[in-house]
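Q: Sending over a structure as structure tokens; questions will come in a sec.
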Number of protein chains: 2
Amino acid sequence: MKVRKRLVLVALWIASLALPAFAADPLPSWNDTAQKKAIVTFVERVTKESSLDFVPPSGRIATFDQDGTLWAEQPMYFQFFFALDRVKALAPKHPEWKDKEPFASLLKDNVKGALAGGERAMLEIVMATHAGMTTEEFAQTVKDWIATARHPKTGRPYTEMVYQPMLELLAYLRANGFKTFIVSGGGIEFMRPWTEKVYGIPPEQVIGSSIKTKFELRDGKPVLVRLPEIDFIDDKAGKPVAINQHIGRRPIAAFGNSDGDLQMLQWATAGSGARFALLVHHTDAEREWTYDRTSSIGRLDKALDEAQAKGWTVVDMKNDWKIIFPFEKR
Amino acid sequence: MKVRKRLVLVALWIASLALPAFAADPLPSWNDTAQKKAIVTFVERVTKESSLDFVPPSGRIATFDQDGTLWAEQPMYFQFFFALDRVKALAPKHPEWKDKEPFASLLKDNVKGALAGGERAMLEIVMATHAGMTTEEFAQTVKDWIATARHPKTGRPYTEMVYQPMLELLAYLRANGFKTFIVSGGGIEFMRPWTEKVYGIPPEQVIGSSIKTKFELRDGKPVLVRLPEIDFIDDKAGKPVAINQHIGRRPIAAFGNSDGDLQMLQWATAGSGARFALLVHHTDAEREWTYDRTSSIGRLDKALDEAQAKGWTVVDMKNDWKIIFPFEKR
């Protein structure tokens with residue numbers, strides 16, 4: 001064995017020993033508050049083999065809500081902006097929409113008027129824009145939109161409206177052997193085309209609301225056609241149901257921001273051993289938005305009370321996060 | 001650095017270089033026939049970075065049917081034996097079953113008589129034995145049963161009635177960066193309690209038929225209650241639908257044994273790039289069972305024709321497999 005090769009091996013060995021001591025802060029956008037300490041303490045409790053609360057890697061399941069937890073959700077859920085853009089793009093093929101609500105109002109940019117029809121109006125908009133094509137066609141439409149659409153307030157692509165501290169948290173958990181899942185009320189096929197690139201979460205770890213699909217042979221070529229029929233609403237009590245259906249085991253850590261996440265956090269924390277639940281509280285009117293108990297989007301009321309009663313970690317965005325969006329980095 | 005440590009490092013380094021050259025056959029229970037060659041050729045095509053058909057690890061999705069593909073399914077689907085045992089165990093709590101079909105016949109070990117009621121009888125048996133408890137209670141019942149029940153012909157635990165060549169194939173694919181999934185007509189929660197131990201496939205990579213569940217707080221403790229209502233039948237055209245719903249991308253390789261797997265194989269092979277489809281043909285009356293075109297369980301008819309027309313790999317169990325079950329090893 002040559003001396004140089006031996007030296008390289010020795011250097012690698014020393015580096016491997018030395019690295020942990022010099023490891024950079026894995027959560028640099030988090031201020032050194034109790035919230036950050038709670039996260040790090042939990043991760044150390046379940047990952048140190050000497051810990052009484054050690055959990056083997058296969059059990060390190062962490063679930064994240066998306067809207068308001070991983071990316072912003074104001075002034076409307078971003079998927080709804082997608083639906084509005086699709087109504088406009090599809091309007092030439094639907095001359096009848098000019099006189100038909102909720103489309104007529106939408107085409108005049110009167111969102112409030114369109115939504116006066118309540119849940120039924122919302123459902124009509126979703127079905128008109130999310131069904132009637134193959135899964136591959138829909139995925140391509142989402143990819144095209146997400147690459148070009150801009151948020152009405154910041155002018156940024158929606159994929160830049162993600163929370164930098166949460167990106168760091170996802171990476172930190174994965175570096176510690178966690179499998180990270182999205183469990184969102186948003187559409188499962190609206191998220192999957194881009195979550196791997198943006199969050200490092202592959203399609204098979206994305207759970208969401210869905211419409212039914214049907215297998216067909218078209219000229220001998222198999223396709224899945226998206227039908228205008230709700231399959232599953234992944235919100236509130238639906239979240240533990242979906243977690244059980246998709247993952248088949250209980251998360252040991254769950255992250256949300258609204259009453260829609262309450263049952264997921266209850267489900268995760270009711271298991272045995274060390275458990276972790278975190279709520280993102282939108283408290284920063286300057287850098288993001290301020291809303292909680294009375295908001296129609298992302299209402300945080302019952303879950304906030306329960307977090308306080310049960311000692312769950314509540315992130316105060318204004319005080320706990322150094323930056324909110326990646327584009328704030330200099 | 002001590003001499004001994006240096007020697008250990010050097011030894012490890014030499015071992016790491018030497019291993020590939022001495023690597024044992026990863027498929028030792030497969031005879032060296034065209035079927036084995038087709039598997040190895042496909043895996044090399046998609047994993048060699050220099051290959052035109054190279055697929056990055058994230059895209060290496062392989063889906064496997066279970067009954068008749070990974071474990072045996074004769075003289076009845078094993079899950080049905082579970083249901084029969086549950087009927088007997090639950091009978092004392094259901095005195096009315098003595099006079100009520102299909103239970104009355106079952107309790108007299110008259111399975112044929114019980115199934116004379118067709119699909120409706122089957123559904124009643126499934127619901128009586130699979131619903132009405134929490135998901136945790138059901139998982140425990142399955143664990144207890146699978147640990148103690150014995151196959152009526154071989155006297156072996158059902159988890160030993162798995163196909164050794166397929167276990168090797170699963171491990172070989174995973175060693176080559178594949179993510180392996182089960183996509184079975186069987187119950188998703190009947191499989192998950194033991195698939196990780198038996199096949200190395202974790203719960204989140206198990207897809208199957210399901211009944212609905214409901215989230216409830218019982219004395220403040222969240223539970224999921226199994227309801228007597230079909231949620232999804234993961235068979236035939238349902239398989240691509242379930243694959244899309246759970247995995248969100250198309251497998252590049254799919255493995256089945258019956259017409260129930262035809263659409264899954266069509267779906268997997270219709271994607272671009274290198275694709276692989278394999279059918280297990282039950283041809284060994286001595287070591288296992290012989291059945292195909294006219295069998296009520298695991299019928300292989302249309303899929304066999306399509307495999308021949310499209311050049312899919314068809315495994316002849318008698319000729320291609322050295323051993324079938326692990327217990328044949330000496």
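Labels used: A, B, ... for chains in the order of the structure tokens, numbers from 1 for residues in each chain, and numbers from 1 for ligands as shown.
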Tell me the residues of chain A close to chain B, meaning within 9 Å using only C-alpha atoms, as a ChimeraX atom specification.
A: /A:1,6,9-10,13,58,135,188-189,192,202-207,210,212-216,221-224,237-241,244-249,263,266-267,270
Q: Please provide as a PyMOL selection string all residues within 10 Å of stretch 311-323 of chain A, with the sequence filter that same-chain residues fewer than 5 positions apart are discarded (counting only C-alpha atoms).
A: chain A and resi 27-36+38-39+163-166+255-257+265+269+275-290+303-306+328-329
Q: Please provide the set of residues having any atom within 7 Å of stretch 83-89 of chain B, restricted to only C-alpha atoms, with same-chain residues fewer than 5 positions apart removed, written as a list in words.
A: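 Neighbouring residues, sequence-local ones excluded: Leu107, Ile125, Val126 and Thr129 of chain B.
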Q: Deliver the residues from the most recent selection as a file, using N, CA and C atoms, as a compact mmCIF listing (two decimals), in the first residue's frame.
A:
# COMPACT_ATOMS: atom_id res chain seq x y z
N LEU B 107 -69.54 -22.41 10.68
CA LEU B 107 -69.32 -22.99 12.01
C LEU B 107 -69.40 -24.51 11.99
N ILE B 125 -68.97 -12.07 5.68
CA ILE B 125 -67.91 -12.70 6.48
C ILE B 125 -66.78 -11.69 6.75
N VAL B 126 -66.42 -10.96 5.69
CA VAL B 126 -65.33 -9.98 5.84
C VAL B 126 -65.72 -8.91 6.86
N THR B 129 -65.76 -9.89 10.52
CA THR B 129 -64.48 -10.25 11.12
C THR B 129 -63.42 -9.14 11.01
Q: Check the DSSP output for the backbone and give back, as JSON, numbers by chain, the residues of stretch 44-214 of chain A in strand (DSSP E).
A: {"A": [61, 62, 63, 64, 179, 180, 181, 182, 183, 184, 185, 186, 187, 206, 207, 208, 209, 210, 211, 212, 213, 214]}
Q: Keeping only all heavy atoms, take the residues you just selected and write them out as a compact mmCIF listing (two decimals), in the first residue's frame.
A:
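Wrote again_15.txt, looks like this:
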# COMPACT_ATOMS: atom_id res chain seq x y z
N ILE A 61 -41.36 8.71 11.82
CA ILE A 61 -42.30 9.24 10.84
C ILE A 61 -42.71 10.64 11.29
O ILE A 61 -43.17 10.81 12.42
CB ILE A 61 -43.55 8.34 10.74
CG1 ILE A 61 -43.18 6.88 10.43
CG2 ILE A 61 -44.56 8.91 9.74
CD1 ILE A 61 -42.75 6.62 9.02
N ALA A 62 -42.55 11.62 10.41
CA ALA A 62 -42.96 13.00 10.72
C ALA A 62 -43.91 13.48 9.63
O ALA A 62 -43.63 13.33 8.45
CB ALA A 62 -41.74 13.92 10.80
N THR A 63 -45.05 14.05 10.04
CA THR A 63 -46.04 14.52 9.07
C THR A 63 -46.21 16.04 9.16
O THR A 63 -46.27 16.60 10.26
CB THR A 63 -47.41 13.84 9.30
OG1 THR A 63 -47.81 14.04 10.66
CG2 THR A 63 -47.34 12.36 9.02
N PHE A 64 -46.29 16.66 7.99
CA PHE A 64 -46.39 18.12 7.89
C PHE A 64 -47.61 18.53 7.09
O PHE A 64 -47.79 18.09 5.95
CB PHE A 64 -45.16 18.69 7.17
CG PHE A 64 -43.90 18.64 7.97
CD1 PHE A 64 -43.19 17.46 8.08
CD2 PHE A 64 -43.43 19.77 8.63
CE1 PHE A 64 -42.02 17.40 8.83
CE2 PHE A 64 -42.26 19.72 9.37
CZ PHE A 64 -41.56 18.54 9.48
N LYS A 179 -38.43 10.01 8.15
CA LYS A 179 -39.10 10.02 6.86
C LYS A 179 -40.14 11.13 6.97
O LYS A 179 -41.00 11.10 7.86
CB LYS A 179 -39.78 8.67 6.64
CG LYS A 179 -39.75 8.17 5.21
CD LYS A 179 -40.20 6.71 5.16
CE LYS A 179 -40.00 6.12 3.78
NZ LYS A 179 -40.31 4.69 3.74
N THR A 180 -40.07 12.13 6.08
CA THR A 180 -40.98 13.28 6.17
C THR A 180 -42.11 13.14 5.15
O THR A 180 -41.88 12.82 3.99
CB THR A 180 -40.20 14.58 5.92
OG1 THR A 180 -39.48 14.48 4.68
CG2 THR A 180 -39.22 14.87 7.05
N PHE A 181 -43.34 13.37 5.62
CA PHE A 181 -44.54 13.28 4.79
C PHE A 181 -45.28 14.61 4.81
O PHE A 181 -45.29 15.30 5.82
CB PHE A 181 -45.50 12.22 5.34
CG PHE A 181 -45.05 10.79 5.15
CD1 PHE A 181 -44.12 10.23 6.01
CD2 PHE A 181 -45.56 10.02 4.12
CE1 PHE A 181 -43.71 8.91 5.85
CE2 PHE A 181 -45.15 8.70 3.95
CZ PHE A 181 -44.22 8.14 4.82
N ILE A 182 -45.93 14.93 3.70
CA ILE A 182 -46.90 16.03 3.68
C ILE A 182 -48.29 15.42 3.86
O ILE A 182 -48.62 14.42 3.22
CB ILE A 182 -46.83 16.80 2.35
CG1 ILE A 182 -45.54 17.62 2.28
CG2 ILE A 182 -48.06 17.70 2.17
CD1 ILE A 182 -45.34 18.33 0.96
N VAL A 183 -49.09 16.01 4.75
CA VAL A 183 -50.49 15.59 4.94
C VAL A 183 -51.32 16.88 4.89
O VAL A 183 -51.48 17.57 5.88
CB VAL A 183 -50.67 14.86 6.28
CG1 VAL A 183 -52.13 14.43 6.44
CG2 VAL A 183 -49.76 13.64 6.37
N SER A 184 -51.82 17.17 3.69
CA SER A 184 -52.41 18.47 3.42
C SER A 184 -53.87 18.37 2.99
O SER A 184 -54.27 17.38 2.38
CB SER A 184 -51.60 19.15 2.30
OG SER A 184 -52.28 20.28 1.81
N GLY A 185 -54.64 19.40 3.31
CA GLY A 185 -55.99 19.48 2.76
C GLY A 185 -55.98 19.79 1.27
O GLY A 185 -56.98 19.60 0.58
N GLY A 186 -54.86 20.24 0.76
CA GLY A 186 -54.72 20.55 -0.66
C GLY A 186 -54.75 19.29 -1.52
O GLY A 186 -54.69 18.18 -1.01
N GLY A 187 -54.86 19.48 -2.82
CA GLY A 187 -54.98 18.36 -3.74
C GLY A 187 -53.69 17.57 -3.84
O GLY A 187 -52.63 18.13 -4.07
N VAL A 206 -46.44 12.16 -0.21
CA VAL A 206 -47.37 13.28 -0.24
C VAL A 206 -48.79 12.74 -0.14
O VAL A 206 -49.20 11.88 -0.93
CB VAL A 206 -47.21 14.09 -1.54
CG1 VAL A 206 -48.27 15.18 -1.62
CG2 VAL A 206 -45.82 14.70 -1.63
N ILE A 207 -49.53 13.23 0.85
CA ILE A 207 -50.92 12.82 1.07
C ILE A 207 -51.77 14.08 1.00
O ILE A 207 -51.37 15.13 1.51
CB ILE A 207 -51.07 12.16 2.46
CG1 ILE A 207 -50.09 10.98 2.59
CG2 ILE A 207 -52.50 11.71 2.71
CD1 ILE A 207 -50.00 10.40 4.00
N GLY A 208 -52.92 13.98 0.35
CA GLY A 208 -53.78 15.16 0.23
C GLY A 208 -55.20 14.78 -0.11
O GLY A 208 -55.55 13.60 -0.13
N SER A 209 -56.02 15.79 -0.36
CA SER A 209 -57.38 15.53 -0.82
C SER A 209 -57.32 15.03 -2.26
O SER A 209 -56.38 15.31 -2.99
CB SER A 209 -58.21 16.81 -0.73
OG SER A 209 -58.32 17.24 0.61
N SER A 210 -58.35 14.29 -2.65
CA SER A 210 -58.30 13.73 -4.00
C SER A 210 -59.69 13.61 -4.61
O SER A 210 -60.69 13.57 -3.90
CB SER A 210 -57.64 12.34 -3.98
OG SER A 210 -58.29 11.49 -3.06
N ILE A 211 -59.70 13.58 -5.94
CA ILE A 211 -60.90 13.21 -6.66
C ILE A 211 -60.68 11.80 -7.22
O ILE A 211 -59.56 11.30 -7.21
CB ILE A 211 -61.24 14.20 -7.80
CG1 ILE A 211 -60.09 14.29 -8.82
CG2 ILE A 211 -61.55 15.58 -7.23
CD1 ILE A 211 -60.41 15.20 -10.00
N LYS A 212 -61.75 11.16 -7.65
CA LYS A 212 -61.61 9.78 -8.13
C LYS A 212 -60.95 9.75 -9.51
O LYS A 212 -61.03 10.72 -10.27
CB LYS A 212 -62.98 9.11 -8.20
CG LYS A 212 -63.58 9.00 -6.81
CD LYS A 212 -64.58 7.88 -6.66
CE LYS A 212 -64.96 7.79 -5.19
NZ LYS A 212 -65.91 6.73 -4.88
N THR A 213 -60.30 8.64 -9.80
CA THR A 213 -59.75 8.44 -11.14
C THR A 213 -60.22 7.09 -11.66
O THR A 213 -60.60 6.22 -10.88
CB THR A 213 -58.20 8.44 -11.14
OG1 THR A 213 -57.74 7.34 -10.37
CG2 THR A 213 -57.64 9.74 -10.57
N LYS A 214 -60.17 6.95 -12.98
CA LYS A 214 -60.66 5.72 -13.60
C LYS A 214 -59.64 5.25 -14.64
O LYS A 214 -59.15 6.05 -15.45
CB LYS A 214 -61.99 6.02 -14.29
CG LYS A 214 -62.69 4.83 -14.88
CD LYS A 214 -64.09 5.21 -15.34
CE LYS A 214 -64.78 4.07 -16.03
NZ LYS A 214 -64.38 3.90 -17.43
Q: Using the chain letters and numbers from this document, which residues of stretch 71-255 of chain B does DSSP assign to helix (DSSP H, G or I), as a VMD selection string?
A: chain B and resid 78 to 93 95 to 99 103 to 107 111 to 115 118 to 130 135 to 148 158 to 160 164 to 175 188 to 199 203 to 205 238 to 246
Q: Can you tell me how far atom CA of B:Ala128 sits from atom CA of B:Glu101, in Å to one decimal?
A: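 For atom CA of B:Ala128 relative to atom CA of B:Glu101, the distance reads 12.1 Å.
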Q: Pick from B:Ala171, B:Leu70, B:Ala147, B:Ala114: nearest to B:Trp97, with only C-alpha atoms counted?
A: B:Ala114
Q: Which residue out of B:His130, B:Glu229, B:Asp67, B:Gly200 has the minimum interatomic distance to B:Leu169 when only C-alpha atoms are used?
A: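 Smallest distance to B:Leu169 is found for B:Gly200.
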Q: So that I can see what lies close to A:Arg293, please list as a ChimeraX atom specification the residues with an atom at most 10 Å from it, counting only C-alpha atoms and leaving out residues fewer than 5 positions away in the same chain.
A: /A:258-259,298-304
Q: What would the file look like if the residues just selected were written as a short mmCIF file (atom, residue, chain, number, x, y, z; two decimals), in the first residue's frame with all heavy atoms?
A:
data_model
loop_
_atom_site.label_atom_id
_atom_site.label_comp_id
_atom_site.auth_asym_id
_atom_site.auth_seq_id
_atom_site.Cartn_x
_atom_site.Cartn_y
_atom_site.Cartn_z
N SER A 258 -53.19 25.04 11.92
CA SER A 258 -54.60 25.45 12.01
C SER A 258 -55.44 24.37 12.66
O SER A 258 -54.97 23.25 12.93
CB SER A 258 -55.14 25.74 10.61
OG SER A 258 -55.46 24.52 9.96
N ASP A 259 -56.71 24.71 12.87
CA ASP A 259 -57.64 23.73 13.44
C ASP A 259 -57.78 22.51 12.54
O ASP A 259 -58.17 21.43 13.01
CB ASP A 259 -59.01 24.38 13.68
CG ASP A 259 -58.99 25.30 14.90
OD1 ASP A 259 -57.92 25.41 15.55
OD2 ASP A 259 -60.02 25.92 15.19
N GLY A 298 -57.00 29.16 7.33
CA GLY A 298 -56.03 28.80 8.36
C GLY A 298 -56.44 29.18 9.77
O GLY A 298 -55.59 29.57 10.58
N ARG A 299 -57.72 29.03 10.08
CA ARG A 299 -58.18 29.39 11.43
C ARG A 299 -57.44 28.55 12.49
O ARG A 299 -57.39 27.33 12.40
CB ARG A 299 -59.68 29.15 11.57
CG ARG A 299 -60.18 29.39 13.02
CD ARG A 299 -61.67 29.42 13.10
NE ARG A 299 -62.21 30.44 12.20
CZ ARG A 299 -63.50 30.65 11.98
NH1 ARG A 299 -64.40 29.90 12.59
NH2 ARG A 299 -63.90 31.58 11.14
N LEU A 300 -56.86 29.25 13.47
CA LEU A 300 -56.17 28.59 14.57
C LEU A 300 -56.83 29.01 15.87
O LEU A 300 -56.57 30.09 16.38
CB LEU A 300 -54.69 28.99 14.57
CG LEU A 300 -53.84 28.43 15.72
CD1 LEU A 300 -53.80 26.90 15.67
CD2 LEU A 300 -52.43 28.99 15.67
N ASP A 301 -57.71 28.17 16.37
CA ASP A 301 -58.49 28.54 17.55
C ASP A 301 -58.47 27.38 18.56
O ASP A 301 -57.72 27.38 19.53
CB ASP A 301 -59.91 28.89 17.10
CG ASP A 301 -60.78 29.38 18.24
OD1 ASP A 301 -60.25 30.05 19.14
OD2 ASP A 301 -61.99 29.08 18.23
N LYS A 302 -59.24 26.33 18.26
CA LYS A 302 -59.27 25.17 19.15
C LYS A 302 -57.89 24.54 19.30
O LYS A 302 -57.50 24.11 20.39
CB LYS A 302 -60.22 24.10 18.57
CG LYS A 302 -61.68 24.42 18.75
CD LYS A 302 -62.52 23.27 18.19
CE LYS A 302 -63.95 23.72 17.95
NZ LYS A 302 -64.72 22.74 17.16
N ALA A 303 -57.16 24.47 18.21
CA ALA A 303 -55.84 23.83 18.27
C ALA A 303 -54.87 24.65 19.11
O ALA A 303 -53.99 24.09 19.77
CB ALA A 303 -55.28 23.64 16.85
N LEU A 304 -55.05 25.98 19.11
CA LEU A 304 -54.18 26.83 19.92
C LEU A 304 -54.46 26.59 21.41
O LEU A 304 -53.53 26.50 22.22
CB LEU A 304 -54.41 28.30 19.55
CG LEU A 304 -53.39 29.32 20.07
CD1 LEU A 304 -51.97 28.96 19.66
CD2 LEU A 304 -53.74 30.73 19.56
#
